[in-house]
file final19.cif (mmCIF, C-alpha atoms)
data_my_file
#
loop_
_atom_site.label_atom_id
_atom_site.label_comp_id
_atom_site.auth_asym_id
_atom_site.auth_seq_id
_atom_site.Cartn_x
_atom_site.Cartn_y
_atom_site.Cartn_z
CA MET A 564 -22.73 -3.07 -7.78
CA ASN A 565 -21.06 -4.58 -10.84
CA SER A 566 -17.57 -4.39 -12.28
CA ARG A 567 -17.08 -2.92 -15.73
CA MET A 568 -14.94 -5.90 -16.70
CA LYS A 569 -12.63 -8.45 -15.13
CA ASN A 570 -9.49 -6.96 -13.63
CA PRO A 571 -7.13 -6.18 -16.55
CA ALA A 572 -4.35 -8.15 -14.85
CA MET A 573 -6.54 -11.22 -15.29
CA VAL A 574 -7.36 -10.68 -18.95
CA VAL A 575 -4.02 -9.48 -20.33
CA PRO A 576 -1.77 -12.50 -20.91
CA GLU A 577 1.21 -12.63 -18.54
CA ALA A 578 0.23 -9.46 -16.66
CA MET A 579 -0.70 -11.29 -13.48
CA ASN A 580 2.54 -13.27 -13.57
CA ALA A 581 4.56 -10.06 -13.92
CA LEU A 582 2.72 -8.31 -11.09
CA GLN A 583 3.04 -11.34 -8.82
CA ALA A 584 6.76 -11.56 -9.61
CA LEU A 585 7.23 -7.90 -8.67
CA ALA A 586 5.26 -8.43 -5.46
CA ALA A 587 7.41 -11.45 -4.59
CA ALA A 588 10.56 -9.39 -5.15
CA THR A 589 9.34 -6.65 -2.82
CA HIS A 590 8.80 -9.20 -0.06
CA LYS A 591 12.52 -9.97 -0.16
CA GLY A 592 13.75 -6.38 0.05
CA GLY A 593 14.30 -5.99 3.77
CA VAL A 594 11.11 -4.13 4.67
CA PRO A 595 9.08 -5.78 7.43
CA GLN A 596 5.83 -7.34 6.25
CA LYS A 597 3.87 -5.27 8.76
CA THR A 598 5.26 -2.09 7.18
CA LEU A 599 4.37 -3.28 3.69
CA ASP A 600 0.85 -4.07 4.91
CA LEU A 601 0.50 -0.56 6.35
CA ILE A 602 1.69 1.20 3.21
CA HIS A 603 -0.58 -0.92 1.01
CA LEU A 604 -3.56 0.00 3.16
CA ARG A 605 -2.67 3.71 3.29
CA ALA A 606 -2.20 4.07 -0.47
CA SER A 607 -5.45 2.19 -1.04
CA GLN A 608 -7.31 4.51 1.34
CA ILE A 609 -5.99 7.56 -0.49
CA ASN A 610 -6.95 6.10 -3.87
CA GLY A 611 -10.37 4.93 -2.71
CA CYS A 612 -9.81 1.35 -3.84
CA GLY A 613 -12.58 -0.63 -2.16
CA VAL A 614 -11.08 -4.00 -3.08
CA CYS A 615 -7.73 -3.15 -1.49
CA VAL A 616 -9.16 -1.33 1.54
CA ASP A 617 -11.14 -4.50 2.19
CA MET A 618 -8.35 -6.97 1.39
CA HIS A 619 -5.23 -5.47 3.00
CA PRO A 620 -6.52 -5.26 6.59
CA ARG A 621 -7.77 -8.85 6.33
CA MET A 622 -4.38 -10.02 5.12
CA ALA A 623 -2.57 -7.95 7.75
CA LYS A 624 -4.74 -9.38 10.53
CA LYS A 625 -3.92 -12.91 9.39
CA ALA A 626 -0.24 -11.92 9.64
CA GLY A 627 -0.71 -10.73 13.23
CA GLU A 628 -1.48 -7.02 12.82
CA THR A 629 -3.71 -5.41 15.47
CA ASP A 630 -7.06 -3.74 14.96
CA ASP A 631 -5.83 -0.62 16.75
CA ARG A 632 -3.06 -0.05 14.23
CA LEU A 633 -5.21 -0.89 11.21
CA PHE A 634 -7.99 1.44 12.36
CA ALA A 635 -5.45 4.24 12.89
CA VAL A 636 -3.59 4.09 9.56
CA ALA A 637 -5.55 6.99 8.05
CA ALA A 638 -4.59 9.16 11.04
CA TRP A 639 -1.08 7.79 11.61
CA ARG A 640 0.39 11.21 12.37
CA ASP A 641 -1.96 11.64 15.33
CA THR A 642 -1.47 8.29 17.07
CA THR A 643 1.25 6.56 19.01
CA TYR A 644 0.80 3.16 17.37
CA PHE A 645 3.58 3.41 14.77
CA THR A 646 7.36 3.31 14.95
CA ASP A 647 9.47 6.09 13.49
CA ALA A 648 10.42 3.80 10.59
CA GLU A 649 6.76 3.02 9.88
CA ARG A 650 5.94 6.73 10.02
CA ALA A 651 8.68 7.44 7.50
CA ALA A 652 7.31 4.72 5.21
CA LEU A 653 3.76 6.07 5.55
CA ALA A 654 4.90 9.63 4.77
CA LEU A 655 6.75 8.36 1.69
CA THR A 656 3.64 6.41 0.68
CA GLU A 657 1.46 9.49 0.85
CA CYS A 658 3.90 11.51 -1.26
CA VAL A 659 4.40 8.83 -3.91
CA THR A 660 0.65 8.21 -4.08
CA ARG A 661 -0.15 11.92 -4.44
CA LEU A 662 2.50 12.87 -6.99
CA SER A 663 0.47 15.66 -8.59
CA ASP A 664 -0.49 17.38 -5.35
CA ARG A 665 2.67 19.46 -5.10
CA SER A 666 5.47 20.81 -7.28
CA ASP A 667 8.04 18.71 -5.40
CA PRO A 668 6.21 15.37 -5.16
CA VAL A 669 8.62 13.77 -2.68
CA PRO A 670 10.26 16.53 -0.63
CA ASP A 671 13.83 16.05 0.57
CA ASP A 672 12.77 15.94 4.22
CA VAL A 673 10.42 13.02 3.56
CA TRP A 674 13.08 11.18 1.55
CA LYS A 675 15.82 11.83 4.12
CA GLU A 676 13.65 10.56 6.95
CA ALA A 677 12.90 7.37 5.03
CA ALA A 678 16.61 6.98 4.19
CA ARG A 679 17.43 7.34 7.88
CA HIS A 680 15.47 4.14 8.57
CA TYR A 681 15.96 2.12 5.39
CA ASP A 682 19.02 1.25 3.30
CA ASP A 683 18.99 1.55 -0.50
CA THR A 684 17.57 -1.93 -1.03
CA ALA A 685 14.77 -1.33 1.43
CA LEU A 686 14.09 2.14 -0.01
CA GLY A 687 13.90 0.64 -3.49
CA THR A 688 11.55 -1.99 -2.11
CA LEU A 689 9.35 0.68 -0.54
CA VAL A 690 9.17 2.72 -3.75
CA MET A 691 8.37 -0.34 -5.88
CA SER A 692 5.82 -1.63 -3.39
CA ILE A 693 4.10 1.76 -3.22
CA GLY A 694 4.09 1.93 -7.01
CA LEU A 695 2.70 -1.58 -7.28
CA VAL A 696 -0.18 -1.01 -4.86
CA ASN A 697 -0.98 2.22 -6.71
CA LEU A 698 -1.12 0.24 -9.96
CA TRP A 699 -3.50 -2.29 -8.40
CA ASN A 700 -5.62 0.57 -7.03
CA ARG A 701 -5.84 2.13 -10.48
CA LEU A 702 -6.74 -1.16 -12.17
CA ASN A 703 -9.45 -1.81 -9.59
CA ALA A 704 -10.88 1.71 -9.49
CA THR A 705 -10.92 2.16 -13.27
CA THR A 706 -12.79 -1.09 -13.84
CA ARG A 707 -14.92 -0.68 -10.69
CA GLN A 708 -13.88 -3.94 -9.13
CA VAL A 709 -16.14 -4.92 -6.25
CA ALA A 710 -14.76 -5.79 -2.83
CA ASN A 711 -15.40 -9.38 -1.86
CA PRO A 712 -15.31 -10.00 1.88
CA HIS A 713 -15.61 -13.73 1.19
CA ALA A 714 -12.45 -13.94 -0.91
CA ARG A 715 -9.64 -15.98 0.56
CA TRP A 716 -6.75 -13.59 0.88
#
call {"tool": "encode", "arguments": {"input": "final19.cif", "output": "structure tokens"}}
result
Amino acid sequence: MNSRMKNPAMVVPEAMNALQALAAATHKGGVPQKTLDLIHLRASQINGCGVCVDMHPRMAKKAGETDDRLFAVAAWRDTTYFTDAERAALALTECVTRLSDRSDPVPDDVWKEAARHYDDTALGTLVMSIGLVNLWNRLNATTRQVANPHARW
């Protein structure tokens, strides 16, 4: 398996710096790191990004996440492993990741449930973090980046 090219964020001047700056900002927005890890994994599963599906669980485990929760992310609705706030974030992630799947991409009930658990800063953080992981997924999938289990995340 070979990549088509290096990741565009690595070949376009200043792109990596901009993406890293946005990521750093989202880590200061009041959303728990474990929640961010879960939404990154879920969006990456939906988008079929092998690099991110490999990387995010490894990073989450280093941060203290459990195997049970990581294994269950794809079926989060059918397990008891997640808090109501995490469920709201995962539902929002699925909607934002699948914008073209419905005429109302983010239904009011999904938004209201997320807003019940997160203030405006945290909601903004969630939306930006979901958007950012979707961008990474698209860069990786388009250029066929290869997962590297030996990378040091």
call {"tool": "residues_around", "arguments": {"input": "final19.cif", "residues": "Thr660 of chain A", "least_positions_apart": "3", "cutoff": "7 Å", "atoms": "all atoms listed in the file", "output": "PDB file with C-alpha atoms, in the coordinates of the input"}}
result
ATOM      1  CA  ALA A 606      -2.200   4.070  -0.470  1.00  0.00           C
ATOM      2  CA  THR A 656       3.640   6.410   0.680  1.00  0.00           C
ATOM      3  CA  GLU A 657       1.460   9.490   0.850  1.00  0.00           C
ATOM      4  CA  ASN A 697      -0.980   2.220  -6.710  1.00  0.00           C
TER       5      ASN A 697
END
call {"tool": "residues_near_point", "arguments": {"input": "final19.cif", "point": "(11.2, -3.8, -2.0)", "cutoff": "9 Å", "atoms": "only C-alpha atoms", "output": "list of chain:residue names"}}
result
A:Leu585, A:Ala586, A:Ala587, A:Ala588, A:Thr589, A:His590, A:Lys591, A:Gly592, A:Gly593, A:Val594, A:Leu599, A:Thr684, A:Ala685, A:Leu686, A:Gly687, A:Thr688, A:Leu689, A:Val690, A:Met691, A:Ser692
call {"tool": "atom_distance", "arguments": {"input": "final19.cif", "atom1": "atom CA of Lys597 of chain A", "atom2": "atom CA of Gly627 of chain A"}}
result
8.4 Å
call {"tool": "resolve_selection", "arguments": {"input": "final19.cif", "expression": "the PyMOL selection byres ((chain A and resi 628) around 12)", "output": "MDAnalysis selection string"}}
result
chainID A and resid 595:601 619:627 629:636 644:645
call {"tool": "atom_distance", "arguments": {"input": "final19.cif", "atom1": "atom CA of Asp647 of chain A", "atom2": "atom CA of Asp682 of chain A"}}
result
14.8 Å
call {"tool": "closest_residue", "arguments": {"input": "final19.cif", "among": "A:Ala654, A:Ala572, A:Ala578, A:Ala584", "to": "Arg605 of chain A", "atoms": "all atoms listed in the file"}}
result
A:Ala654
call {"tool": "atom_distance", "arguments": {"input": "final19.cif", "atom1": "atom CA of Met564 of chain A", "atom2": "atom CA of Val709 of chain A"}}
result
7.0 Å
call {"tool": "closest_residue", "arguments": {"input": "final19.cif", "among": "A:Ala581, A:Thr642, A:Val616, A:Pro576", "to": "Gln708 of chain A", "atoms": "all atoms listed in the file"}}
result
A:Val616
call {"tool": "closest_residue", "arguments": {"input": "final19.cif", "among": "A:Asn565, A:Asn570, A:Ser663, A:Gln583", "to": "Leu695 of chain A", "atoms": "all atoms listed in the file"}}
result
A:Gln583
call {"tool": "resolve_selection", "arguments": {"input": "final19.cif", "expression": "the PyMOL selection byres ((chain A and resi 701) around 12)", "output": "VMD selection string"}}
result
chain A and resid 570 to 572 606 to 607 609 to 615 660 694 to 700 702 to 708
call {"tool": "closest_residue", "arguments": {"input": "final19.cif", "among": "A:Gln608, A:Asp664, A:Met573, A:Asp671", "to": "Ala638 of chain A", "atoms": "all atoms listed in the file"}}
result
A:Gln608
